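Source file final-v3.txt; content: compact mmCIF, C-alpha atoms and all ligand atoms.
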```txt
# COMPACT_ATOMS: atom_id res chain seq x y z
CA MET A 1 -23.22 -278.34 -6.07
CA LYS A 2 -23.02 -275.29 -8.29
CA THR A 3 -23.58 -271.97 -6.54
CA ILE A 4 -26.21 -269.77 -8.11
CA TYR A 5 -25.42 -266.20 -7.10
CA VAL A 6 -28.48 -263.97 -7.41
CA ASP A 7 -27.56 -261.22 -4.96
CA ASN A 8 -25.96 -258.77 -7.36
CA ALA A 9 -27.75 -255.77 -5.83
CA ALA A 10 -25.66 -256.43 -2.69
CA THR A 11 -22.43 -256.78 -4.62
CA THR A 12 -21.13 -258.23 -7.86
CA ALA A 13 -18.17 -260.40 -8.81
CA MET A 14 -15.38 -258.43 -10.45
CA SER A 15 -15.22 -258.84 -14.21
CA ASP A 16 -12.03 -260.12 -15.84
CA THR A 17 -11.75 -256.75 -17.58
CA ALA A 18 -11.86 -254.90 -14.26
CA ILE A 19 -9.29 -257.21 -12.64
CA LYS A 20 -7.01 -256.88 -15.65
CA ALA A 21 -7.34 -253.08 -15.55
CA MET A 22 -6.43 -252.82 -11.88
CA THR A 23 -3.56 -255.32 -11.74
CA PRO A 24 -0.77 -253.07 -13.13
CA TYR A 25 -1.47 -250.54 -10.36
CA LEU A 26 -1.01 -253.21 -7.72
CA LYS A 27 2.29 -254.27 -9.27
CA GLU A 28 4.55 -252.23 -11.53
CA VAL A 29 2.67 -248.89 -11.53
CA TYR A 30 2.77 -248.43 -7.77
CA GLY A 31 3.65 -244.73 -7.68
CA ASN A 32 1.92 -242.03 -5.67
CA PRO A 33 0.22 -239.64 -8.12
CA SER A 34 1.36 -236.71 -5.99
CA SER A 35 5.05 -237.61 -6.53
CA LEU A 36 6.95 -235.61 -9.12
CA HIS A 37 9.07 -238.49 -10.41
CA THR A 38 8.20 -240.67 -13.34
CA VAL A 39 6.76 -243.57 -11.32
CA GLY A 40 4.35 -241.15 -9.64
CA GLN A 41 3.47 -239.32 -12.81
CA VAL A 42 2.62 -242.55 -14.63
CA ALA A 43 0.16 -243.27 -11.83
CA LYS A 44 -1.25 -239.75 -12.14
CA GLU A 45 -1.82 -240.26 -15.84
CA ALA A 46 -3.77 -243.42 -15.07
CA LEU A 47 -5.89 -241.53 -12.57
CA ASP A 48 -6.60 -238.76 -15.08
CA LYS A 49 -7.51 -241.27 -17.76
CA ALA A 50 -9.90 -243.13 -15.44
CA ARG A 51 -11.55 -239.85 -14.48
CA ALA A 52 -12.01 -238.92 -18.13
CA ASP A 53 -13.41 -242.37 -18.99
CA ILE A 54 -15.93 -242.25 -16.15
CA ALA A 55 -16.94 -238.69 -17.04
CA LYS A 56 -17.57 -239.82 -20.61
CA CYS A 57 -19.89 -242.62 -19.47
CA LEU A 58 -21.91 -240.16 -17.34
CA ASN A 59 -21.72 -237.30 -19.89
CA CYS A 60 -19.94 -234.78 -17.69
CA GLU A 61 -16.50 -233.17 -17.47
CA ALA A 62 -13.60 -235.03 -15.89
CA ARG A 63 -13.15 -232.28 -13.30
CA GLU A 64 -16.72 -232.85 -12.11
CA ILE A 65 -15.83 -236.38 -10.90
CA TYR A 66 -14.52 -236.85 -7.33
CA PHE A 67 -13.34 -240.30 -6.30
CA THR A 68 -14.60 -241.64 -2.97
CA SER A 69 -14.45 -244.85 -0.97
CA GLY A 70 -17.83 -245.90 -2.39
CA GLY A 71 -21.49 -245.06 -2.72
CA SER A 72 -21.99 -244.36 0.98
CA GLU A 73 -19.25 -241.75 1.12
CA ALA A 74 -20.48 -240.10 -2.09
CA ASP A 75 -24.01 -239.89 -0.65
CA ASN A 76 -22.73 -238.43 2.64
CA GLN A 77 -20.54 -235.85 0.92
CA ALA A 78 -23.19 -234.78 -1.58
CA ILE A 79 -25.99 -234.38 0.95
CA ARG A 80 -23.91 -232.66 3.62
CA SER A 81 -22.37 -230.30 1.07
CA ALA A 82 -25.71 -229.31 -0.44
CA ALA A 83 -27.19 -228.90 3.06
CA ALA A 84 -24.32 -226.58 4.06
CA ASN A 85 -24.66 -224.61 0.81
CA GLY A 86 -28.35 -224.11 1.58
CA ALA A 87 -27.78 -223.15 5.20
CA ARG A 88 -25.45 -220.33 4.11
CA LYS A 89 -28.49 -218.82 2.35
CA GLY A 90 -30.84 -219.57 5.24
CA LYS A 91 -32.33 -222.61 3.48
CA LYS A 92 -32.55 -225.64 5.73
CA HIS A 93 -35.26 -227.80 4.15
CA ILE A 94 -34.55 -231.04 2.26
CA VAL A 95 -36.89 -233.22 0.19
CA SER A 96 -36.29 -236.97 -0.09
CA THR A 97 -38.25 -240.22 -0.06
CA ALA A 98 -39.08 -242.77 2.60
CA PHE A 99 -37.28 -245.61 0.80
CA GLU A 100 -33.79 -244.28 0.18
CA HIS A 101 -30.68 -246.32 1.01
CA HIS A 102 -29.51 -245.96 4.60
CA ALA A 103 -26.44 -244.00 3.42
CA VAL A 104 -28.94 -241.27 2.51
CA LEU A 105 -31.57 -241.80 5.22
CA HIS A 106 -29.11 -241.91 8.11
CA THR A 107 -27.33 -238.78 6.84
CA LEU A 108 -30.70 -237.02 6.68
CA LYS A 109 -31.59 -238.17 10.21
CA LYS A 110 -28.33 -236.65 11.47
CA LEU A 111 -29.07 -233.40 9.65
CA GLU A 112 -32.50 -233.27 11.29
CA LYS A 113 -30.76 -233.41 14.66
CA GLU A 114 -28.58 -230.53 13.48
CA GLY A 115 -31.60 -228.32 12.76
CA TYR A 116 -32.56 -229.19 9.19
CA GLU A 117 -36.11 -230.14 8.26
CA VAL A 118 -36.63 -233.11 5.95
CA THR A 119 -39.77 -234.01 3.99
CA TYR A 120 -39.78 -237.77 3.31
CA LEU A 121 -42.16 -238.23 0.39
CA PRO A 122 -44.31 -241.31 0.85
CA VAL A 123 -43.83 -243.97 -1.79
CA HIS A 124 -46.79 -245.42 -3.70
CA SER A 125 -47.54 -249.14 -3.43
CA ASP A 126 -45.85 -249.61 -6.83
CA GLY A 127 -42.55 -248.31 -5.41
CA LEU A 128 -42.65 -245.02 -7.32
CA ILE A 129 -43.09 -241.33 -6.67
CA THR A 130 -43.95 -238.63 -9.21
CA ALA A 131 -42.19 -235.42 -10.21
CA GLU A 132 -45.40 -233.55 -9.34
CA GLU A 133 -45.12 -234.78 -5.76
CA VAL A 134 -41.56 -233.49 -5.59
CA ALA A 135 -42.67 -230.14 -7.06
CA ALA A 136 -45.41 -229.85 -4.43
CA ALA A 137 -42.93 -230.53 -1.62
CA ILE A 138 -40.41 -227.87 -2.69
CA ARG A 139 -40.56 -224.69 -0.59
CA PRO A 140 -38.78 -221.33 -0.78
CA ASP A 141 -36.34 -222.62 1.88
CA THR A 142 -35.61 -225.96 0.15
CA ALA A 143 -31.85 -226.48 -0.19
CA LEU A 144 -31.76 -229.96 -1.69
CA VAL A 145 -33.83 -232.68 -3.29
CA THR A 146 -32.26 -236.15 -2.95
CA VAL A 147 -34.14 -239.00 -4.65
CA MET A 148 -32.57 -242.30 -5.66
CA TYR A 149 -32.34 -243.26 -9.33
CA ALA A 150 -33.38 -246.87 -8.77
CA ASN A 151 -34.29 -248.62 -5.55
CA ASN A 152 -31.89 -251.30 -4.35
CA GLU A 153 -34.56 -253.59 -2.91
CA VAL A 154 -37.64 -253.44 -5.13
CA GLY A 155 -35.77 -252.36 -8.27
CA THR A 156 -38.09 -249.55 -9.29
CA VAL A 157 -36.63 -246.88 -11.58
CA LEU A 158 -37.81 -243.43 -10.54
CA PRO A 159 -38.69 -240.57 -12.93
CA VAL A 160 -35.34 -238.87 -12.31
CA ARG A 161 -35.31 -236.83 -15.51
CA GLU A 162 -38.69 -235.25 -14.66
CA ILE A 163 -37.71 -234.74 -11.01
CA GLY A 164 -34.49 -233.10 -12.21
CA ALA A 165 -36.47 -230.77 -14.47
CA VAL A 166 -38.68 -229.76 -11.53
CA CYS A 167 -35.60 -228.99 -9.40
CA LYS A 168 -33.91 -227.07 -12.21
CA LYS A 169 -37.00 -224.91 -12.65
CA ALA A 170 -37.19 -224.25 -8.90
CA GLY A 171 -33.44 -223.58 -8.64
CA VAL A 172 -32.95 -226.37 -6.09
CA THR A 173 -29.87 -228.63 -6.07
CA PHE A 174 -30.76 -232.19 -7.10
CA HIS A 175 -28.76 -235.18 -5.89
CA THR A 176 -29.50 -238.75 -6.91
CA ASP A 177 -28.10 -241.96 -5.44
CA ALA A 178 -27.56 -243.75 -8.76
CA VAL A 179 -25.62 -246.68 -7.29
CA GLN A 180 -28.13 -249.26 -8.59
CA ALA A 181 -28.65 -247.55 -11.93
CA VAL A 182 -25.22 -246.66 -13.31
CA GLY A 183 -23.83 -249.42 -15.49
CA HIS A 184 -27.26 -251.07 -15.71
CA ILE A 185 -29.58 -248.54 -17.36
CA PRO A 186 -28.73 -245.38 -19.35
CA VAL A 187 -27.74 -242.48 -17.08
CA ASP A 188 -26.80 -239.07 -18.48
CA VAL A 189 -26.31 -236.28 -15.94
CA GLN A 190 -27.06 -233.55 -18.50
CA ALA A 191 -30.23 -235.05 -19.98
CA ASP A 192 -31.35 -236.16 -16.51
CA ASN A 193 -30.95 -232.63 -15.05
CA VAL A 194 -28.83 -233.99 -12.18
CA ASP A 195 -26.50 -231.75 -10.12
CA MET A 196 -24.92 -234.43 -7.93
CA LEU A 197 -24.83 -238.21 -8.44
CA SER A 198 -23.33 -241.11 -6.49
CA ILE A 199 -21.88 -244.29 -7.97
CA SER A 200 -20.16 -247.38 -6.55
CA ALA A 201 -17.82 -249.66 -8.51
CA HIS A 202 -18.74 -252.94 -6.79
CA LYS A 203 -22.33 -252.72 -8.03
CA PHE A 204 -21.19 -253.00 -11.65
CA HIS A 205 -18.35 -255.59 -11.45
CA GLY A 206 -15.61 -253.22 -10.24
CA ALA A 207 -13.68 -253.42 -6.95
CA LYS A 208 -15.22 -252.83 -3.53
CA GLY A 209 -14.30 -249.72 -1.56
CA VAL A 210 -14.27 -247.31 -4.47
CA GLY A 211 -16.89 -245.01 -5.91
CA ALA A 212 -17.36 -241.52 -7.22
CA LEU A 213 -19.40 -238.39 -6.78
CA TYR A 214 -20.36 -236.32 -9.78
CA CYS A 215 -20.76 -232.70 -8.69
CA ARG A 216 -21.78 -230.13 -11.28
CA ARG A 217 -19.22 -227.35 -11.74
CA GLY A 218 -20.12 -224.34 -9.59
CA ILE A 219 -21.67 -226.30 -6.73
CA PRO A 220 -19.37 -226.04 -3.69
CA LEU A 221 -18.33 -229.36 -2.15
CA ASN A 222 -17.36 -229.65 1.51
CA THR A 223 -14.40 -231.76 2.54
CA PHE A 224 -14.90 -234.42 5.18
CA ILE A 225 -11.46 -235.96 5.15
CA GLU A 226 -8.80 -233.36 5.79
CA GLY A 227 -5.20 -233.80 4.70
CA GLY A 228 -3.53 -233.53 1.34
CA ALA A 229 -4.78 -231.73 -1.75
CA GLN A 230 -6.06 -234.82 -3.57
CA GLU A 231 -9.33 -234.65 -5.55
CA ARG A 232 -9.01 -230.91 -6.10
CA ASN A 233 -8.77 -230.40 -2.35
CA LYS A 234 -12.12 -232.09 -1.69
CA ARG A 235 -11.04 -235.53 -0.48
CA ALA A 236 -7.67 -236.05 1.11
CA GLY A 237 -5.78 -239.34 1.01
CA THR A 238 -3.57 -241.14 -1.46
CA GLU A 239 -5.81 -242.24 -4.29
CA ASN A 240 -6.99 -245.83 -4.67
CA ILE A 241 -5.64 -246.00 -8.21
CA ALA A 242 -6.11 -249.72 -8.67
CA GLY A 243 -9.71 -249.45 -7.50
CA VAL A 244 -10.36 -246.41 -9.64
CA ALA A 245 -8.87 -248.17 -12.69
CA SER A 246 -11.16 -251.15 -12.07
CA MET A 247 -14.14 -248.82 -11.78
CA ALA A 248 -13.39 -247.04 -15.05
CA ALA A 249 -12.87 -250.32 -16.92
CA ALA A 250 -15.95 -251.96 -15.40
CA LEU A 251 -18.13 -248.95 -16.17
CA LYS A 252 -16.94 -248.76 -19.76
CA GLU A 253 -17.60 -252.46 -20.23
CA ALA A 254 -21.04 -252.16 -18.65
CA CYS A 255 -21.96 -249.16 -20.78
CA ASP A 256 -20.65 -250.73 -24.01
CA ASN A 257 -22.74 -253.86 -23.41
CA MET A 258 -25.71 -252.27 -21.71
CA SER A 259 -28.52 -253.01 -24.13
CA ALA A 260 -27.38 -256.58 -24.87
CA ASN A 261 -27.06 -257.28 -21.14
CA ALA A 262 -30.41 -255.67 -20.37
CA ASN A 263 -32.19 -257.71 -23.04
CA LYS A 264 -30.78 -260.94 -21.65
CA LEU A 265 -31.55 -260.00 -18.05
CA ILE A 266 -35.10 -258.82 -18.75
CA LYS A 267 -35.88 -262.21 -20.29
CA LEU A 268 -34.54 -264.12 -17.28
CA ARG A 269 -36.17 -261.67 -14.85
CA ASP A 270 -39.58 -262.00 -16.48
CA GLU A 271 -39.38 -265.80 -16.51
CA LEU A 272 -38.63 -265.69 -12.79
CA ILE A 273 -41.45 -263.26 -12.02
CA ASP A 274 -44.01 -265.21 -14.04
CA GLY A 275 -42.88 -268.50 -12.53
CA LEU A 276 -42.87 -267.28 -8.93
CA LEU A 277 -46.26 -265.58 -9.27
CA LYS A 278 -47.70 -269.09 -9.79
CA ILE A 279 -47.07 -269.72 -6.08
CA PRO A 280 -50.43 -269.07 -4.35
CA HIS A 281 -50.61 -265.90 -2.22
CA SER A 282 -47.47 -264.43 -3.71
CA LYS A 283 -46.93 -260.88 -4.92
CA LEU A 284 -44.36 -258.95 -6.95
CA ASN A 285 -43.04 -255.92 -5.08
CA GLY A 286 -42.41 -252.82 -7.15
CA ASP A 287 -43.79 -251.72 -10.49
CA ARG A 288 -43.36 -254.32 -13.21
CA LYS A 289 -42.62 -251.89 -16.02
CA ASN A 290 -40.40 -249.22 -14.42
CA ARG A 291 -37.98 -251.79 -13.12
CA LEU A 292 -34.27 -252.59 -13.23
CA PRO A 293 -33.55 -255.38 -15.75
CA ALA A 294 -32.01 -257.59 -13.06
CA ASN A 295 -34.41 -257.19 -10.12
CA VAL A 296 -37.04 -259.65 -8.86
CA ASN A 297 -38.60 -258.94 -5.46
CA MET A 298 -41.45 -261.14 -4.20
CA CYS A 299 -43.47 -261.63 -1.07
CA PHE A 300 -44.87 -265.01 -0.04
CA GLU A 301 -47.52 -264.94 2.62
CA GLY A 302 -47.16 -267.06 5.75
CA ILE A 303 -43.38 -267.50 5.75
CA GLU A 304 -40.28 -265.81 7.15
CA GLY A 305 -37.76 -264.50 4.64
CA GLU A 306 -34.86 -265.65 6.82
CA GLY A 307 -36.01 -269.29 6.72
CA LEU A 308 -36.46 -269.07 2.97
CA LEU A 309 -32.95 -267.68 2.51
CA LEU A 310 -31.30 -270.34 4.65
CA LEU A 311 -33.06 -273.20 2.90
CA LEU A 312 -32.25 -271.73 -0.52
CA ASP A 313 -28.63 -271.31 0.56
CA ALA A 314 -28.56 -274.99 1.49
CA ARG A 315 -29.50 -275.66 -2.14
CA GLY A 316 -26.69 -273.41 -3.41
CA ILE A 317 -28.90 -270.40 -4.19
CA CYS A 318 -27.55 -267.11 -2.77
CA ALA A 319 -30.38 -264.60 -2.54
CA SER A 320 -31.47 -261.85 -0.18
CA SER A 321 -34.57 -260.84 1.71
CA GLY A 322 -34.02 -257.20 0.96
CA SER A 323 -31.05 -255.06 1.60
CA ALA A 324 -27.86 -256.68 2.88
CA CYS A 325 -27.73 -253.90 5.44
CA THR A 326 -31.02 -254.84 7.11
CA SER A 327 -30.62 -258.60 7.11
CA GLY A 328 -29.34 -259.72 10.43
CA SER A 329 -31.97 -257.57 12.12
CA LEU A 330 -35.45 -258.98 12.49
CA ASP A 331 -37.12 -255.71 11.52
CA PRO A 332 -38.81 -255.89 8.14
CA SER A 333 -37.26 -253.75 5.44
CA HIS A 334 -38.06 -250.03 5.60
CA VAL A 335 -38.47 -250.16 1.82
CA LEU A 336 -41.26 -252.76 1.86
CA LEU A 337 -42.97 -250.95 4.74
CA ALA A 338 -42.71 -247.71 2.73
CA LEU A 339 -44.58 -249.47 -0.09
CA GLY A 340 -47.36 -250.07 2.42
CA LEU A 341 -46.90 -253.81 2.93
CA PRO A 342 -48.11 -255.06 6.32
CA HIS A 343 -45.31 -256.20 8.67
CA GLU A 344 -46.26 -259.87 8.44
CA VAL A 345 -46.17 -259.81 4.63
CA ALA A 346 -42.95 -257.77 4.45
CA HIS A 347 -41.27 -260.49 6.54
CA GLY A 348 -41.78 -263.06 3.77
CA SER A 349 -39.80 -261.29 1.09
CA LEU A 350 -37.23 -262.57 -1.38
CA ARG A 351 -34.97 -260.48 -3.61
CA LEU A 352 -33.27 -262.11 -6.56
CA SER A 353 -30.87 -259.74 -8.32
CA LEU A 354 -29.33 -261.21 -11.44
CA SER A 355 -26.17 -260.61 -13.42
CA GLU A 356 -25.16 -261.32 -17.00
CA SER A 357 -23.53 -264.55 -15.91
CA ASN A 358 -26.82 -266.09 -14.76
CA THR A 359 -28.31 -268.63 -17.15
CA GLU A 360 -31.62 -270.16 -18.22
CA GLN A 361 -30.59 -273.21 -16.20
CA ASP A 362 -30.22 -271.02 -13.09
CA VAL A 363 -33.77 -269.76 -13.63
CA LYS A 364 -35.04 -273.35 -13.96
CA THR A 365 -33.27 -274.38 -10.77
CA ILE A 366 -34.66 -271.39 -8.85
CA LEU A 367 -38.17 -271.99 -10.18
CA LYS A 368 -38.01 -275.55 -8.88
CA ALA A 369 -36.45 -274.70 -5.51
CA VAL A 370 -38.47 -271.67 -4.38
CA PRO A 371 -41.96 -273.23 -4.64
CA GLU A 372 -40.74 -276.36 -2.81
CA VAL A 373 -39.13 -274.34 -0.02
CA VAL A 374 -42.13 -272.02 0.32
CA ALA A 375 -44.47 -275.04 0.56
CA TYR A 376 -42.18 -276.69 3.14
CA LEU A 377 -42.07 -273.54 5.30
CA ARG A 378 -45.81 -272.98 5.01
CA ASN A 379 -46.38 -276.55 6.12
CA MET A 380 -44.58 -275.77 9.39
CA SER A 381 -46.02 -272.29 9.86
CA PRO A 382 -48.74 -271.75 12.49
CA VAL A 383 -49.63 -268.50 10.71
CA TRP A 384 -50.17 -270.35 7.43
CA GLU A 385 -52.40 -272.88 9.23
CA GLU A 386 -54.57 -270.06 10.56
CA LEU A 387 -54.73 -268.50 7.11
CA GLU A 388 -55.74 -271.80 5.55
CA LYS A 389 -58.41 -272.43 8.17
CA GLY A 390 -59.79 -268.97 7.55
CA GLU A 391 -59.00 -267.89 11.13
CA ARG A 392 -57.23 -264.86 9.75
CA PRO A 393 -57.68 -263.17 6.39
CA HIS A 394 -55.20 -263.54 3.55
CA LEU A 395 -53.46 -260.24 2.91
CA ILE A 396 -52.15 -261.20 -0.53
C1 LIG A 401 -24.83 -250.38 -2.33
C2 LIG A 401 -25.55 -249.08 -2.28
C3 LIG A 401 -25.00 -247.97 -1.63
C4 LIG A 401 -23.71 -248.05 -0.86
O1 LIG A 401 -22.60 -248.17 -1.70
P1 LIG A 401 -21.20 -248.69 -1.04
O2 LIG A 401 -20.22 -248.53 -2.15
O3 LIG A 401 -21.42 -250.10 -0.65
O4 LIG A 401 -20.91 -247.77 0.09
C5 LIG A 401 -25.70 -246.79 -1.65
N1 LIG A 401 -26.88 -246.69 -2.28
C6 LIG A 401 -27.44 -247.72 -2.92
C7 LIG A 401 -28.73 -247.55 -3.62
C8 LIG A 401 -26.80 -248.95 -2.95
O5 LIG A 401 -27.36 -249.99 -3.56
```

Could you render the structure as structure tokens?
Amino acid sequence: MKTIYVDNAATTAMSDTAIKAMTPYLKEVYGNPSSLHTVGQVAKEALDKARADIAKCLNCEAREIYFTSGGSEADNQAIRSAAANGARKGKKHIVSTAFEHHAVLHTLKKLEKEGYEVTYLPVHSDGLITAEEVAAAIRPDTALVTVMYANNEVGTVLPVREIGAVCKKAGVTFHTDAVQAVGHIPVDVQADNVDMLSISAHKFHGAKGVGALYCRRGIPLNTFIEGGAQERNKRAGTENIAGVASMAAALKEACDNMSANANKLIKLRDELIDGLLKIPHSKLNGDRKNRLPANVNMCFEGIEGEGLLLLLDARGICASSGSACTSGSLDPSHVLLALGLPHEVAHGSLRLSLSESNTEQDVKTILKAVPEVVAYLRNMSPVWEELEKGERPHLI
């Protein structure tokens, strides 16, 4: 049985280009970039080149890129640094949204315990917020606005450029978790008015355990890992050169092929959405238009997402019921709840996140499997029986 992998928002397979780019640094170019000898200096050159290549893709300067262990670390460092910068001026208020990734939300929760105040903007049922809402939430003591570029569960693309303009006008630092956006849709830190931005290589076919933080020149960054002087003194530890090389190569490849990939993905995505909406009492989560090219997120009333996932897995289809971080717990996703879905509906969710290697045949297979599995589960569901008998009202 062929495996159909449609969980690319959780992680992607490495591309051949990325593997090829990293291999020399696992073998012959094994030097420590801090060493003065030739073997070390060759490694340093590779690091510098990767930094320049990544900066070019994001439209910033190489020295504004700091390598991290991934998106989570970049989010933590950005938010904590901006919070500390604000506190030095007596500003301890932060604006964010209710449906950020946990790397952001859990950092904010910690900061609240440390005396910061956070406004979590409610998200509309379409999975969006507006720049006007951000503007209205900004106060004289606001230190930071952190709003994700694109949501990892429902795939909505937020009006980051407008939010950035609002922050610029108000003189407030703006961070965006762009982990789901970079490499998939155009991101330009200048045009988007972004001060700090997080990326992660494994979300665009690079290696796991490596990411980067863009931090605009002039904004002080705090260090969280003390030690050597790596990353301009902001992140100690011998650099993950192989990982960084894979990230630079994967990002360049993704950016070079972005519109061709997006066109292909949008076609597959829309076929899936249209096909799955034919299932009675189903619903697309997240705005249809302002949406990542690869994201499908549906709810089916009367079923449990976990059952759906296991039965799809048995048919070789690897999907998700939301974020990989929340599966394993029986709580419905905080993202779907933030969109206002009732608990019982949020439980029956399915996220299909595609990649360029998915095919029309994959879509056909999924469009045959999902309706059959949903019907099977509904057949066994006491809740569905009550819904069908009219003993409880349909919610979708
Ligand atoms: C995956 C993801 C992260 C975490 O990135 P890691 O590199 O896995 O730490 C953060 N934010 C979003 C939106 C993500 O999708």

| query | From the list A:Arg235, A:Ala346, A:Met247, A:Ala137, which residue is nearest Thr223 (chain A) when using all atoms listed in the file? | reply | A:Arg235

| message | Let me see if you get this right: every residue at most 10 Å from ligand LIG 401 (chain A), counting all atoms listed in the file, written as a ChimeraX atom specification. | response | /A:8-11,68-76,99-104,148-153,155,176-181,198-203,207-212,323-325

Taking 2 positions as the minimum chain separation for residues in the same chain, which residues sit within 10 Å of Asn193 (chain A) when counting only C-alpha atoms? Answer as a compact mmCIF listing (two decimals) with C-alpha atoms, in the frame of the given file.
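What follows is the written file around.txt:
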```txt
# COMPACT_ATOMS: atom_id res chain seq x y z
CA VAL A 160 -35.34 -238.87 -12.31
CA ARG A 161 -35.31 -236.83 -15.51
CA GLU A 162 -38.69 -235.25 -14.66
CA ILE A 163 -37.71 -234.74 -11.01
CA GLY A 164 -34.49 -233.10 -12.21
CA ALA A 165 -36.47 -230.77 -14.47
CA VAL A 166 -38.68 -229.76 -11.53
CA CYS A 167 -35.60 -228.99 -9.40
CA LYS A 168 -33.91 -227.07 -12.21
CA THR A 173 -29.87 -228.63 -6.07
CA PHE A 174 -30.76 -232.19 -7.10
CA HIS A 175 -28.76 -235.18 -5.89
CA ASP A 188 -26.80 -239.07 -18.48
CA VAL A 189 -26.31 -236.28 -15.94
CA GLN A 190 -27.06 -233.55 -18.50
CA ALA A 191 -30.23 -235.05 -19.98
CA ASP A 195 -26.50 -231.75 -10.12
CA MET A 196 -24.92 -234.43 -7.93
```

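Restricting the calculation to all atoms listed in the file, the smallest distance between Lys364 (chain A) and any of A:Gly286, A:Gly275, A:Gly90, A:Gly227 is found for A:Gly275.
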
| field | Nearby residues (only C-alpha atoms) at most 10 Å from Leu377 (chain A), same-chain spacing under 6 positions excluded, as a VMD selection string | value | chain A and resid 302 to 304 307 to 308 311 371 384

Selection near Glu133 (chain A), 12 Å with all atoms listed in the file, sequence-local residues under 3 positions removed, as a PDB file with C-alpha atoms, in the coordinates of the input:
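Result file out15.pdb:
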```
ATOM      1  CA  VAL A  95     -36.890-233.220   0.190  1.00  0.00           C
ATOM      2  CA  SER A  96     -36.290-236.970  -0.090  1.00  0.00           C
ATOM      3  CA  THR A  97     -38.250-240.220  -0.060  1.00  0.00           C
ATOM      4  CA  THR A 119     -39.770-234.010   3.990  1.00  0.00           C
ATOM      5  CA  TYR A 120     -39.780-237.770   3.310  1.00  0.00           C
ATOM      6  CA  LEU A 121     -42.160-238.230   0.390  1.00  0.00           C
ATOM      7  CA  PRO A 122     -44.310-241.310   0.850  1.00  0.00           C
ATOM      8  CA  VAL A 123     -43.830-243.970  -1.790  1.00  0.00           C
ATOM      9  CA  HIS A 124     -46.790-245.420  -3.700  1.00  0.00           C
ATOM     10  CA  LEU A 128     -42.650-245.020  -7.320  1.00  0.00           C
ATOM     11  CA  ILE A 129     -43.090-241.330  -6.670  1.00  0.00           C
ATOM     12  CA  THR A 130     -43.950-238.630  -9.210  1.00  0.00           C
ATOM     13  CA  ALA A 136     -45.410-229.850  -4.430  1.00  0.00           C
ATOM     14  CA  ALA A 137     -42.930-230.530  -1.620  1.00  0.00           C
ATOM     15  CA  ILE A 138     -40.410-227.870  -2.690  1.00  0.00           C
ATOM     16  CA  VAL A 145     -33.830-232.680  -3.290  1.00  0.00           C
ATOM     17  CA  VAL A 147     -34.140-239.000  -4.650  1.00  0.00           C
ATOM     18  CA  PRO A 159     -38.690-240.570 -12.930  1.00  0.00           C
ATOM     19  CA  GLU A 162     -38.690-235.250 -14.660  1.00  0.00           C
ATOM     20  CA  ILE A 163     -37.710-234.740 -11.010  1.00  0.00           C
ATOM     21  CA  VAL A 166     -38.680-229.760 -11.530  1.00  0.00           C
ATOM     22  CA  CYS A 167     -35.600-228.990  -9.400  1.00  0.00           C
TER      23      CYS A 167
END
```

| message | Which residues are close to Tyr30 (chain A), i.e. within 8 Å by only C-alpha atoms, leaving aside same-chain residues fewer than 2 positions away? Reply as a VMD selection string. | response | chain A and resid 24 to 28 32 39 to 40 43

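Atom to atom, CA of Val383 (chain A) and CA of Leu395 (chain A) stand 12.0 Å apart.
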
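Here CA of Val29 (chain A) and CA of Ala13 (chain A) stand 24.0 Å from one another.
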
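Put simply, CA of Leu292 (chain A) is 7.4 Å away from CA of Ile185 (chain A).
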
| said: What's around Leu387 (chain A) at 12 Å? Count all atoms listed in the file, leave out sequence neighbours fewer than 6 positions away in its own chain, and write the answer as JSON, numbers by chain. | reply: {"A": [281, 301, 302, 303, 378, 379, 381, 393, 394, 395, 396]}

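When all atoms listed in the file are used to measure the gap to Val335 (chain A), the shortest distance among A:Ile219, A:Ala98, A:Ala46, A:Gly115 belongs to A:Ala98.
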
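Considering the residues A:Val363, A:Ala82, A:Leu272, A:Ala314 and counting all atoms listed in the file, Gly218 (chain A) has its shortest atom-to-atom contact with A:Ala82.
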
Quick one: 6 Å padding each side, axis-aligned, all listed atoms of region 363-377 of chain A - centre and edge lengths in Å to one decimal, as AutoDock Vina command-line options?
```
--center_x -38.9 --center_y -273.2 --center_z -4.3 --size_x 23.2 --size_y 18.9 --size_z 31.3
```

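Each of A:Leu284, A:Leu105, A:Leu265, A:Val172 was compared to Val345 (chain A) using only C-alpha atoms, and A:Leu284 turns out to be the nearest.
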
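Distances here use all atoms listed in the file; by that measure, the residue among A:Glu239, A:Asp362, A:Glu117, A:Glu388 closest to Tyr5 (chain A) is A:Asp362.
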
For region 41-45 of chain A, where the input has fewer atoms than it should, I would like N, CA and C atoms rebuilt and written as an mmCIF file, keeping the file's coordinate frame.
```cif
data_model
loop_
_atom_site.group_PDB
_atom_site.id
_atom_site.type_symbol
_atom_site.label_atom_id
_atom_site.label_comp_id
_atom_site.auth_asym_id
_atom_site.auth_seq_id
_atom_site.Cartn_x
_atom_site.Cartn_y
_atom_site.Cartn_z
ATOM 1 N N GLN A 41 4.202 -239.989 -11.730
ATOM 2 C CA GLN A 41 3.470 -239.320 -12.810
ATOM 3 C C GLN A 41 2.753 -240.313 -13.721
ATOM 4 N N VAL A 42 3.314 -241.513 -13.851
ATOM 5 C CA VAL A 42 2.620 -242.550 -14.630
ATOM 6 C C VAL A 42 1.308 -242.908 -13.922
ATOM 7 N N ALA A 43 1.367 -242.980 -12.604
ATOM 8 C CA ALA A 43 0.160 -243.270 -11.830
ATOM 9 C C ALA A 43 -0.848 -242.131 -11.979
ATOM 10 N N LYS A 44 -0.351 -240.902 -11.994
ATOM 11 C CA LYS A 44 -1.250 -239.750 -12.140
ATOM 12 C C LYS A 44 -1.959 -239.775 -13.485
ATOM 13 N N GLU A 45 -1.205 -240.174 -14.513
ATOM 14 C CA GLU A 45 -1.820 -240.260 -15.840
ATOM 15 C C GLU A 45 -2.957 -241.284 -15.844
#
```
